[in-house]
>>> print(open('model-v7.cif').read())   # mmCIF, N, CA and C atoms
data_input
#
loop_
_atom_site.label_atom_id
_atom_site.label_comp_id
_atom_site.auth_asym_id
_atom_site.auth_seq_id
_atom_site.Cartn_x
_atom_site.Cartn_y
_atom_site.Cartn_z
N MET A 1 132.78 93.82 -69.69
CA MET A 1 131.50 93.64 -69.02
C MET A 1 131.74 93.65 -67.51
N LYS A 2 130.88 94.38 -66.81
CA LYS A 2 130.98 94.48 -65.36
C LYS A 2 129.72 93.88 -64.73
N ILE A 3 129.91 93.07 -63.71
CA ILE A 3 128.77 92.46 -63.02
C ILE A 3 128.46 93.30 -61.77
N HIS A 4 127.18 93.46 -61.51
CA HIS A 4 126.71 94.18 -60.33
C HIS A 4 125.92 93.20 -59.48
N ASN A 5 126.33 93.02 -58.22
CA ASN A 5 125.67 92.10 -57.29
C ASN A 5 125.08 92.89 -56.14
N TYR A 6 123.81 92.63 -55.84
CA TYR A 6 123.12 93.29 -54.74
C TYR A 6 122.46 92.23 -53.87
N ASN A 7 122.61 92.36 -52.57
CA ASN A 7 121.92 91.51 -51.61
C ASN A 7 121.19 92.42 -50.64
N PHE A 8 119.92 92.14 -50.39
CA PHE A 8 119.12 93.01 -49.54
C PHE A 8 117.94 92.23 -48.98
N LYS A 9 117.26 92.85 -47.99
CA LYS A 9 116.11 92.22 -47.35
C LYS A 9 114.94 93.20 -47.33
N TYR A 10 113.74 92.67 -47.48
CA TYR A 10 112.52 93.42 -47.26
C TYR A 10 111.91 92.90 -45.97
N TRP A 11 111.61 93.82 -45.05
CA TRP A 11 111.12 93.47 -43.72
C TRP A 11 109.65 93.76 -43.56
N TYR A 12 108.98 92.94 -42.76
CA TYR A 12 107.60 93.16 -42.35
C TYR A 12 107.59 93.15 -40.83
N PHE A 13 107.10 94.22 -40.21
CA PHE A 13 107.12 94.30 -38.75
C PHE A 13 106.06 93.41 -38.10
N ASP A 14 104.96 93.19 -38.78
CA ASP A 14 103.95 92.26 -38.31
C ASP A 14 104.05 91.00 -39.14
N ASN A 15 103.47 89.93 -38.67
CA ASN A 15 103.49 88.69 -39.43
C ASN A 15 102.65 88.86 -40.70
N GLN A 16 103.29 88.93 -41.83
CA GLN A 16 102.62 89.18 -43.11
C GLN A 16 102.76 87.97 -44.03
N LYS A 17 102.37 86.82 -43.54
CA LYS A 17 102.55 85.61 -44.33
C LYS A 17 101.87 85.68 -45.69
N GLU A 18 100.71 86.37 -45.77
CA GLU A 18 100.03 86.44 -47.07
C GLU A 18 100.88 87.19 -48.09
N ARG A 19 101.68 88.16 -47.64
CA ARG A 19 102.55 88.87 -48.57
C ARG A 19 103.84 88.10 -48.84
N MET A 20 104.02 86.98 -48.17
CA MET A 20 105.20 86.16 -48.40
C MET A 20 104.86 84.88 -49.16
N SER A 21 103.66 84.79 -49.68
CA SER A 21 103.29 83.59 -50.43
C SER A 21 104.05 83.58 -51.75
N PHE A 22 104.30 82.38 -52.27
CA PHE A 22 105.04 82.28 -53.52
C PHE A 22 104.38 83.08 -54.63
N LYS A 23 103.08 82.92 -54.81
CA LYS A 23 102.40 83.61 -55.91
C LYS A 23 102.56 85.12 -55.81
N ASP A 24 102.46 85.65 -54.60
CA ASP A 24 102.57 87.09 -54.40
C ASP A 24 104.00 87.57 -54.67
N ILE A 25 104.98 86.88 -54.10
CA ILE A 25 106.38 87.28 -54.30
C ILE A 25 106.77 87.17 -55.76
N ASN A 26 106.37 86.09 -56.41
CA ASN A 26 106.72 85.90 -57.82
C ASN A 26 106.13 87.03 -58.66
N ALA A 27 104.86 87.35 -58.46
CA ALA A 27 104.21 88.41 -59.23
C ALA A 27 104.89 89.76 -58.97
N ARG A 28 105.20 90.05 -57.72
CA ARG A 28 105.85 91.32 -57.39
C ARG A 28 107.28 91.37 -57.92
N SER A 29 107.97 90.23 -57.90
CA SER A 29 109.33 90.17 -58.45
C SER A 29 109.33 90.43 -59.95
N LEU A 30 108.36 89.84 -60.65
CA LEU A 30 108.25 90.08 -62.09
C LEU A 30 107.97 91.55 -62.37
N LEU A 31 107.13 92.16 -61.56
CA LEU A 31 106.82 93.58 -61.70
C LEU A 31 108.07 94.44 -61.45
N LEU A 32 108.83 94.10 -60.42
CA LEU A 32 110.06 94.83 -60.12
C LEU A 32 111.05 94.72 -61.27
N MET A 33 111.23 93.52 -61.82
CA MET A 33 112.16 93.36 -62.93
C MET A 33 111.70 94.16 -64.15
N GLU A 34 110.40 94.18 -64.39
CA GLU A 34 109.87 94.99 -65.50
C GLU A 34 110.17 96.47 -65.27
N LYS A 35 109.95 96.95 -64.05
CA LYS A 35 110.20 98.35 -63.70
C LYS A 35 111.67 98.69 -63.91
N LEU A 36 112.57 97.75 -63.65
CA LEU A 36 114.00 97.97 -63.80
C LEU A 36 114.50 97.71 -65.22
N GLY A 37 113.59 97.30 -66.12
CA GLY A 37 113.98 97.06 -67.51
C GLY A 37 114.73 95.76 -67.73
N MET A 38 114.55 94.80 -66.82
CA MET A 38 115.22 93.50 -66.94
C MET A 38 114.34 92.54 -67.73
N LYS A 39 114.95 91.71 -68.55
CA LYS A 39 114.22 90.71 -69.34
C LYS A 39 114.30 89.36 -68.64
N VAL A 40 113.15 88.83 -68.21
CA VAL A 40 113.07 87.52 -67.58
C VAL A 40 112.95 86.46 -68.67
N VAL A 41 113.86 85.48 -68.67
CA VAL A 41 113.84 84.44 -69.70
C VAL A 41 113.35 83.09 -69.19
N ASN A 42 113.35 82.90 -67.85
CA ASN A 42 112.86 81.66 -67.27
C ASN A 42 112.72 81.85 -65.76
N GLU A 43 112.08 80.91 -65.09
CA GLU A 43 111.95 80.98 -63.64
C GLU A 43 111.85 79.58 -63.05
N CYS A 44 112.21 79.50 -61.77
CA CYS A 44 112.16 78.23 -61.04
C CYS A 44 111.87 78.56 -59.58
N HIS A 45 111.16 77.67 -58.89
CA HIS A 45 110.84 77.91 -57.50
C HIS A 45 110.63 76.60 -56.74
N HIS A 46 110.58 76.74 -55.42
CA HIS A 46 110.27 75.60 -54.55
C HIS A 46 109.46 76.11 -53.37
N ILE A 47 108.39 75.43 -53.05
CA ILE A 47 107.57 75.74 -51.88
C ILE A 47 107.83 74.66 -50.85
N PHE A 48 108.10 75.07 -49.61
CA PHE A 48 108.40 74.13 -48.54
C PHE A 48 107.10 73.67 -47.88
N ASN A 49 106.91 73.94 -46.61
CA ASN A 49 105.74 73.44 -45.88
C ASN A 49 104.45 74.17 -46.20
N ASP A 50 104.52 75.46 -46.44
CA ASP A 50 103.34 76.21 -46.84
C ASP A 50 103.77 77.33 -47.79
N GLU A 51 102.81 78.04 -48.35
CA GLU A 51 103.08 79.07 -49.35
C GLU A 51 104.05 80.15 -48.88
N SER A 52 104.11 80.42 -47.56
CA SER A 52 104.98 81.49 -47.07
C SER A 52 106.43 81.03 -46.93
N GLU A 53 106.67 79.75 -47.07
CA GLU A 53 108.03 79.21 -47.01
C GLU A 53 108.43 78.79 -48.41
N ASN A 54 109.11 79.70 -49.12
CA ASN A 54 109.43 79.43 -50.51
C ASN A 54 110.74 80.09 -50.93
N THR A 55 111.23 79.62 -52.04
CA THR A 55 112.44 80.18 -52.63
C THR A 55 112.24 80.19 -54.14
N GLY A 56 112.84 81.14 -54.80
CA GLY A 56 112.65 81.22 -56.24
C GLY A 56 113.76 81.98 -56.93
N VAL A 57 113.84 81.75 -58.24
CA VAL A 57 114.84 82.41 -59.08
C VAL A 57 114.17 82.84 -60.38
N LEU A 58 114.42 84.08 -60.75
CA LEU A 58 114.06 84.55 -62.08
C LEU A 58 115.37 84.62 -62.86
N LEU A 59 115.46 83.85 -63.91
CA LEU A 59 116.64 83.88 -64.77
C LEU A 59 116.49 85.06 -65.71
N LEU A 60 117.45 85.96 -65.69
CA LEU A 60 117.40 87.15 -66.53
C LEU A 60 118.33 87.00 -67.72
N SER A 61 118.08 87.75 -68.75
CA SER A 61 118.99 87.72 -69.90
C SER A 61 120.37 88.23 -69.51
N THR A 62 120.45 88.97 -68.39
CA THR A 62 121.72 89.52 -67.91
C THR A 62 122.22 88.88 -66.62
N SER A 63 121.54 87.93 -66.06
CA SER A 63 121.96 87.15 -64.89
C SER A 63 120.74 86.62 -64.13
N HIS A 64 120.51 87.05 -62.85
CA HIS A 64 119.41 86.46 -62.09
C HIS A 64 118.90 87.38 -60.98
N PHE A 65 117.69 87.06 -60.51
CA PHE A 65 117.07 87.68 -59.35
C PHE A 65 116.51 86.51 -58.53
N ALA A 66 116.94 86.39 -57.28
CA ALA A 66 116.53 85.25 -56.46
C ALA A 66 116.04 85.71 -55.09
N TRP A 67 115.20 84.88 -54.45
CA TRP A 67 114.70 85.19 -53.11
C TRP A 67 114.56 83.92 -52.28
N HIS A 68 114.51 84.14 -50.99
CA HIS A 68 114.21 83.08 -50.04
C HIS A 68 113.47 83.74 -48.88
N THR A 69 112.35 83.16 -48.48
CA THR A 69 111.56 83.74 -47.40
C THR A 69 112.01 83.21 -46.04
N PHE A 70 111.86 84.06 -45.05
CA PHE A 70 112.11 83.72 -43.66
C PHE A 70 110.90 84.19 -42.86
N PRO A 71 109.74 83.50 -42.97
CA PRO A 71 108.54 83.96 -42.29
C PRO A 71 108.68 84.01 -40.78
N GLU A 72 109.52 83.14 -40.22
CA GLU A 72 109.72 83.14 -38.78
C GLU A 72 110.45 84.40 -38.30
N MET A 73 111.12 85.09 -39.23
CA MET A 73 111.84 86.32 -38.90
C MET A 73 111.25 87.53 -39.66
N ASN A 74 110.13 87.32 -40.33
CA ASN A 74 109.39 88.38 -41.02
C ASN A 74 110.19 89.13 -42.09
N HIS A 75 111.00 88.39 -42.86
CA HIS A 75 111.67 89.06 -43.97
C HIS A 75 111.88 88.11 -45.15
N ILE A 76 112.15 88.74 -46.28
CA ILE A 76 112.48 88.03 -47.50
C ILE A 76 113.88 88.50 -47.90
N ALA A 77 114.79 87.56 -48.12
CA ALA A 77 116.14 87.90 -48.55
C ALA A 77 116.23 87.77 -50.07
N PHE A 78 116.88 88.74 -50.70
CA PHE A 78 117.00 88.77 -52.16
C PHE A 78 118.45 88.86 -52.59
N SER A 79 118.71 88.31 -53.76
CA SER A 79 120.00 88.45 -54.42
C SER A 79 119.71 88.83 -55.87
N PHE A 80 120.37 89.85 -56.34
CA PHE A 80 120.16 90.33 -57.71
C PHE A 80 121.52 90.56 -58.33
N SER A 81 121.76 89.94 -59.47
CA SER A 81 123.00 90.12 -60.22
C SER A 81 122.66 90.47 -61.65
N THR A 82 123.41 91.41 -62.20
CA THR A 82 123.20 91.78 -63.59
C THR A 82 124.50 92.30 -64.20
N CYS A 83 124.66 92.04 -65.47
CA CYS A 83 125.76 92.62 -66.23
C CYS A 83 125.19 93.61 -67.25
N SER A 84 124.02 94.14 -66.94
CA SER A 84 123.36 95.13 -67.79
C SER A 84 124.25 96.36 -67.95
N GLU A 85 124.18 97.00 -69.11
CA GLU A 85 124.95 98.21 -69.34
C GLU A 85 124.42 99.38 -68.52
N ASN A 86 123.14 99.35 -68.15
CA ASN A 86 122.53 100.39 -67.32
C ASN A 86 121.89 99.76 -66.09
N PRO A 87 122.71 99.27 -65.16
CA PRO A 87 122.15 98.61 -63.99
C PRO A 87 121.50 99.61 -63.04
N PRO A 88 120.50 99.19 -62.31
CA PRO A 88 119.93 100.08 -61.29
C PRO A 88 120.93 100.25 -60.15
N THR A 89 120.78 101.30 -59.41
CA THR A 89 121.58 101.46 -58.19
C THR A 89 120.90 100.65 -57.09
N ILE A 90 121.63 100.39 -56.02
CA ILE A 90 121.02 99.69 -54.89
C ILE A 90 119.89 100.54 -54.32
N GLY A 91 120.03 101.86 -54.36
CA GLY A 91 118.98 102.74 -53.88
C GLY A 91 117.71 102.60 -54.68
N GLU A 92 117.82 102.56 -56.02
CA GLU A 92 116.65 102.38 -56.87
C GLU A 92 116.00 101.03 -56.61
N LEU A 93 116.83 100.02 -56.52
CA LEU A 93 116.33 98.66 -56.30
C LEU A 93 115.55 98.59 -54.99
N MET A 94 116.09 99.17 -53.94
CA MET A 94 115.43 99.12 -52.65
C MET A 94 114.19 100.02 -52.61
N GLU A 95 114.25 101.19 -53.25
CA GLU A 95 113.11 102.11 -53.27
C GLU A 95 111.94 101.52 -54.05
N TYR A 96 112.19 101.05 -55.28
CA TYR A 96 111.12 100.46 -56.09
C TYR A 96 110.56 99.23 -55.39
N GLY A 97 111.46 98.41 -54.85
CA GLY A 97 111.04 97.19 -54.19
C GLY A 97 110.18 97.45 -52.97
N LYS A 98 110.52 98.48 -52.20
CA LYS A 98 109.73 98.80 -51.00
C LYS A 98 108.30 99.13 -51.39
N THR A 99 108.14 99.87 -52.49
CA THR A 99 106.80 100.22 -52.97
C THR A 99 106.08 98.99 -53.52
N ILE A 100 106.74 98.25 -54.38
CA ILE A 100 106.11 97.09 -55.04
C ILE A 100 105.78 95.99 -54.04
N PHE A 101 106.67 95.74 -53.08
CA PHE A 101 106.45 94.67 -52.11
C PHE A 101 105.67 95.14 -50.88
N GLU A 102 105.37 96.43 -50.80
CA GLU A 102 104.61 96.99 -49.68
C GLU A 102 105.17 96.52 -48.34
N CYS A 103 106.48 96.63 -48.21
CA CYS A 103 107.13 96.19 -46.98
C CYS A 103 107.31 97.36 -46.02
N ASP A 104 107.63 97.04 -44.78
CA ASP A 104 107.80 98.06 -43.77
C ASP A 104 109.22 98.61 -43.73
N GLY A 105 110.17 97.86 -44.25
CA GLY A 105 111.55 98.30 -44.22
C GLY A 105 112.40 97.54 -45.22
N VAL A 106 113.54 98.15 -45.55
CA VAL A 106 114.48 97.57 -46.50
C VAL A 106 115.86 97.72 -45.90
N SER A 107 116.69 96.72 -46.06
CA SER A 107 118.08 96.84 -45.60
C SER A 107 119.00 96.06 -46.51
N PRO A 108 120.20 96.61 -46.73
CA PRO A 108 121.18 95.82 -47.48
C PRO A 108 121.60 94.64 -46.62
N ASN A 109 121.97 93.59 -47.25
CA ASN A 109 122.35 92.38 -46.53
C ASN A 109 123.80 92.41 -46.13
#
>>> encode(input="model-v7.cif", output="structure tokens")
Amino acid sequence: MKIHNYNFKYWYFDNQKERMSFKDINARSLLLMEKLGMKVVNECHHIFNDESENTGVLLLSTSHFAWHTFPEMNHIAFSFSTCSENPPTIGELMEYGKTIFECDGVSPN
């Protein structure tokens, strides 16, 4: 079994706090995992001072997908690990995510 670890950021050039709310990120993360064929078995999150300051984890049958928002720097940092036999490439992950999260830019961490 081989593990694949990806770390990346989705950027917003303008202050997009509404797109950084927990409910929005969680829904988009679930959609991304579905698009990638990942099975979500549980989830956990924490909201700090307001909805745009949050962190969360989707527990996958093959590992995890996690995020932490940085609204003061207009980005969301993600970590994705999987031991899936058919893992996505970092390019697929970033391309699908850019569309699903409607972000202005994507960069590997």
>>> closest_residue(input="model-v7.cif", among="A:Ser84, A:Ser21, A:Ser29, A:Thr89", to="Phe70 (chain A)", atoms="only C-alpha atoms")
A:Ser21
>>> resolve_selection(input="model-v7.cif", expression="the PyMOL selection byres ((chain A and resi 80) around 6)", output="list in words")
His4, Asn5, Tyr6, Asn7, His64, Phe65, Ala66, Phe78, Ser79, Ser81 and Thr82 of chain A
>>> atom_distance(input="model-v7.cif", atom1="atom C of Asn26 (chain A)", atom2="atom C of Phe13 (chain A)")
21.5 Å
>>> resolve_selection(input="model-v7.cif", expression="the PyMOL selection byres ((chain A and resi 40) around 6.5)", output="ChimeraX atom specification")
/A:38-39,41-42,58-61
>>> atom_distance(input="model-v7.cif", atom1="atom N of Tyr12 (chain A)", atom2="CA of Glu43 (chain A)")
24.2 Å
>>> select_by_dssp(input="model-v7.cif", residues="chain A", states="strand (DSSP E or B)", output="PyMOL selection string")
chain A and resi 4-11+40-47+54-60+63-70+75-82+105-108
>>> decode(input="model-v7.cif", residues="chain A", atoms="C-alpha atoms", output="PDB file, in the first residue's frame")
ATOM      1  CA  MET A   1       0.000   0.000   0.000  1.00  0.00           C
ATOM      2  CA  LYS A   2       1.295   3.440  -0.946  1.00  0.00           C
ATOM      3  CA  ILE A   3       0.178   6.657   0.732  1.00  0.00           C
ATOM      4  CA  HIS A   4      -0.232   9.860  -1.279  1.00  0.00           C
ATOM      5  CA  ASN A   5      -0.007  13.178   0.607  1.00  0.00           C
ATOM      6  CA  TYR A   6      -0.968  16.504  -0.937  1.00  0.00           C
ATOM      7  CA  ASN A   7      -0.813  19.958   0.637  1.00  0.00           C
ATOM      8  CA  PHE A   8      -2.178  22.956  -1.249  1.00  0.00           C
ATOM      9  CA  LYS A   9      -3.936  26.318  -0.897  1.00  0.00           C
ATOM     10  CA  TYR A  10      -6.933  27.915  -2.567  1.00  0.00           C
ATOM     11  CA  TRP A  11      -6.557  31.697  -2.837  1.00  0.00           C
ATOM     12  CA  TYR A  12      -9.076  34.519  -3.024  1.00  0.00           C
ATOM     13  CA  PHE A  13      -7.746  37.859  -4.255  1.00  0.00           C
ATOM     14  CA  ASP A  14     -10.578  39.821  -2.666  1.00  0.00           C
ATOM     15  CA  ASN A  15     -11.896  39.270   0.833  1.00  0.00           C
ATOM     16  CA  GLN A  16     -14.286  36.350   0.265  1.00  0.00           C
ATOM     17  CA  LYS A  17     -15.304  35.551   3.809  1.00  0.00           C
ATOM     18  CA  GLU A  18     -18.674  34.180   2.679  1.00  0.00           C
ATOM     19  CA  ARG A  19     -16.850  31.540   0.630  1.00  0.00           C
ATOM     20  CA  MET A  20     -14.740  30.697   3.665  1.00  0.00           C
ATOM     21  CA  SER A  21     -17.643  29.922   5.982  1.00  0.00           C
ATOM     22  CA  PHE A  22     -17.652  26.475   7.549  1.00  0.00           C
ATOM     23  CA  LYS A  23     -20.913  25.434   5.899  1.00  0.00           C
ATOM     24  CA  ASP A  24     -19.681  26.463   2.458  1.00  0.00           C
ATOM     25  CA  ILE A  25     -16.251  24.831   2.777  1.00  0.00           C
ATOM     26  CA  ASN A  26     -17.696  21.640   4.229  1.00  0.00           C
ATOM     27  CA  ALA A  27     -20.272  21.328   1.425  1.00  0.00           C
ATOM     28  CA  ARG A  28     -17.655  22.027  -1.261  1.00  0.00           C
ATOM     29  CA  SER A  29     -15.190  19.606   0.354  1.00  0.00           C
ATOM     30  CA  LEU A  30     -17.814  16.852   0.338  1.00  0.00           C
ATOM     31  CA  LEU A  31     -18.499  17.589  -3.325  1.00  0.00           C
ATOM     32  CA  LEU A  32     -14.776  17.463  -4.145  1.00  0.00           C
ATOM     33  CA  MET A  33     -14.365  14.122  -2.373  1.00  0.00           C
ATOM     34  CA  GLU A  34     -17.370  12.745  -4.269  1.00  0.00           C
ATOM     35  CA  LYS A  35     -15.871  13.960  -7.571  1.00  0.00           C
ATOM     36  CA  LEU A  36     -12.602  12.196  -6.690  1.00  0.00           C
ATOM     37  CA  GLY A  37     -14.411   8.966  -5.752  1.00  0.00           C
ATOM     38  CA  MET A  38     -13.465   9.161  -2.064  1.00  0.00           C
ATOM     39  CA  LYS A  39     -15.750   7.675   0.595  1.00  0.00           C
ATOM     40  CA  VAL A  40     -16.331   9.984   3.589  1.00  0.00           C
ATOM     41  CA  VAL A  41     -16.970   7.963   6.765  1.00  0.00           C
ATOM     42  CA  ASN A  42     -17.049  10.769   9.364  1.00  0.00           C
ATOM     43  CA  GLU A  43     -16.278  14.450   9.869  1.00  0.00           C
ATOM     44  CA  CYS A  44     -15.227  16.869  12.598  1.00  0.00           C
ATOM     45  CA  HIS A  45     -14.826  20.644  12.695  1.00  0.00           C
ATOM     46  CA  HIS A  46     -14.255  23.681  14.880  1.00  0.00           C
ATOM     47  CA  ILE A  47     -15.418  27.263  14.347  1.00  0.00           C
ATOM     48  CA  PHE A  48     -13.347  29.979  16.013  1.00  0.00           C
ATOM     49  CA  ASN A  49     -14.570  33.597  16.311  1.00  0.00           C
ATOM     50  CA  ASP A  50     -16.818  33.623  13.262  1.00  0.00           C
ATOM     51  CA  GLU A  51     -17.854  31.295  10.422  1.00  0.00           C
ATOM     52  CA  SER A  52     -14.873  32.306   8.250  1.00  0.00           C
ATOM     53  CA  GLU A  53     -12.402  31.157  10.917  1.00  0.00           C
ATOM     54  CA  ASN A  54     -12.730  27.393  10.926  1.00  0.00           C
ATOM     55  CA  THR A  55     -10.943  24.096  10.609  1.00  0.00           C
ATOM     56  CA  GLY A  56     -12.279  20.714   9.641  1.00  0.00           C
ATOM     57  CA  VAL A  57     -11.495  17.126   8.787  1.00  0.00           C
ATOM     58  CA  LEU A  58     -13.304  14.645   6.593  1.00  0.00           C
ATOM     59  CA  LEU A  59     -12.314  11.144   7.639  1.00  0.00           C
ATOM     60  CA  LEU A  60     -12.071   9.003   4.520  1.00  0.00           C
ATOM     61  CA  SER A  61     -12.135   5.243   4.206  1.00  0.00           C
ATOM     62  CA  THR A  62      -8.611   5.663   2.759  1.00  0.00           C
ATOM     63  CA  SER A  63      -7.302   8.422   5.112  1.00  0.00           C
ATOM     64  CA  HIS A  64      -8.359  12.105   5.421  1.00  0.00           C
ATOM     65  CA  PHE A  65      -9.044  15.514   3.868  1.00  0.00           C
ATOM     66  CA  ALA A  66      -8.494  18.497   6.173  1.00  0.00           C
ATOM     67  CA  TRP A  67      -8.596  22.312   5.951  1.00  0.00           C
ATOM     68  CA  HIS A  68      -7.873  25.414   7.936  1.00  0.00           C
ATOM     69  CA  THR A  69      -8.942  28.906   6.900  1.00  0.00           C
ATOM     70  CA  PHE A  70      -6.762  31.993   6.955  1.00  0.00           C
ATOM     71  CA  PRO A  71      -9.274  34.796   6.218  1.00  0.00           C
ATOM     72  CA  GLU A  72      -6.730  37.460   7.153  1.00  0.00           C
ATOM     73  CA  MET A  73      -4.549  36.169   4.281  1.00  0.00           C
ATOM     74  CA  ASN A  74      -7.443  35.236   1.936  1.00  0.00           C
ATOM     75  CA  HIS A  75      -6.689  31.543   1.608  1.00  0.00           C
ATOM     76  CA  ILE A  76      -7.687  28.097   2.774  1.00  0.00           C
ATOM     77  CA  ALA A  77      -4.942  25.533   3.408  1.00  0.00           C
ATOM     78  CA  PHE A  78      -5.724  21.876   2.698  1.00  0.00           C
ATOM     79  CA  SER A  79      -4.134  18.534   3.444  1.00  0.00           C
ATOM     80  CA  PHE A  80      -5.267  15.401   1.634  1.00  0.00           C
ATOM     81  CA  SER A  81      -3.920  11.902   2.252  1.00  0.00           C
ATOM     82  CA  THR A  82      -5.085   8.689   0.675  1.00  0.00           C
ATOM     83  CA  CYS A  83      -3.925   5.130   0.209  1.00  0.00           C
ATOM     84  CA  SER A  84      -6.468   4.648  -2.585  1.00  0.00           C
ATOM     85  CA  GLU A  85      -5.408   2.334  -5.407  1.00  0.00           C
ATOM     86  CA  ASN A  86      -6.388   5.060  -7.905  1.00  0.00           C
ATOM     87  CA  PRO A  87      -5.417   8.332  -6.232  1.00  0.00           C
ATOM     88  CA  PRO A  88      -5.983  11.618  -8.019  1.00  0.00           C
ATOM     89  CA  THR A  89      -2.967  13.546  -9.200  1.00  0.00           C
ATOM     90  CA  ILE A  90      -2.163  16.864  -7.555  1.00  0.00           C
ATOM     91  CA  GLY A  91      -3.158  18.466 -10.868  1.00  0.00           C
ATOM     92  CA  GLU A  92      -6.620  16.873 -10.785  1.00  0.00           C
ATOM     93  CA  LEU A  93      -7.063  17.785  -7.148  1.00  0.00           C
ATOM     94  CA  MET A  94      -6.153  21.408  -7.767  1.00  0.00           C
ATOM     95  CA  GLU A  95      -8.145  21.687 -11.027  1.00  0.00           C
ATOM     96  CA  TYR A  96     -11.365  20.181  -9.627  1.00  0.00           C
ATOM     97  CA  GLY A  97     -10.955  22.140  -6.420  1.00  0.00           C
ATOM     98  CA  LYS A  98     -10.477  25.454  -8.223  1.00  0.00           C
ATOM     99  CA  THR A  99     -13.800  24.913 -10.002  1.00  0.00           C
ATOM    100  CA  ILE A 100     -15.704  23.598  -6.970  1.00  0.00           C
ATOM    101  CA  PHE A 101     -14.352  26.233  -4.557  1.00  0.00           C
ATOM    102  CA  GLU A 102     -14.616  29.055  -7.131  1.00  0.00           C
ATOM    103  CA  CYS A 103     -11.255  30.392  -6.029  1.00  0.00           C
ATOM    104  CA  ASP A 104      -8.986  32.813  -7.831  1.00  0.00           C
ATOM    105  CA  GLY A 105      -5.850  30.713  -7.568  1.00  0.00           C
ATOM    106  CA  VAL A 106      -4.381  27.427  -6.420  1.00  0.00           C
ATOM    107  CA  SER A 107      -0.868  26.666  -5.233  1.00  0.00           C
ATOM    108  CA  PRO A 108       0.903  23.670  -3.789  1.00  0.00           C
ATOM    109  CA  ASN A 109       1.973  24.240  -0.227  1.00  0.00           C
TER     110      ASN A 109
END
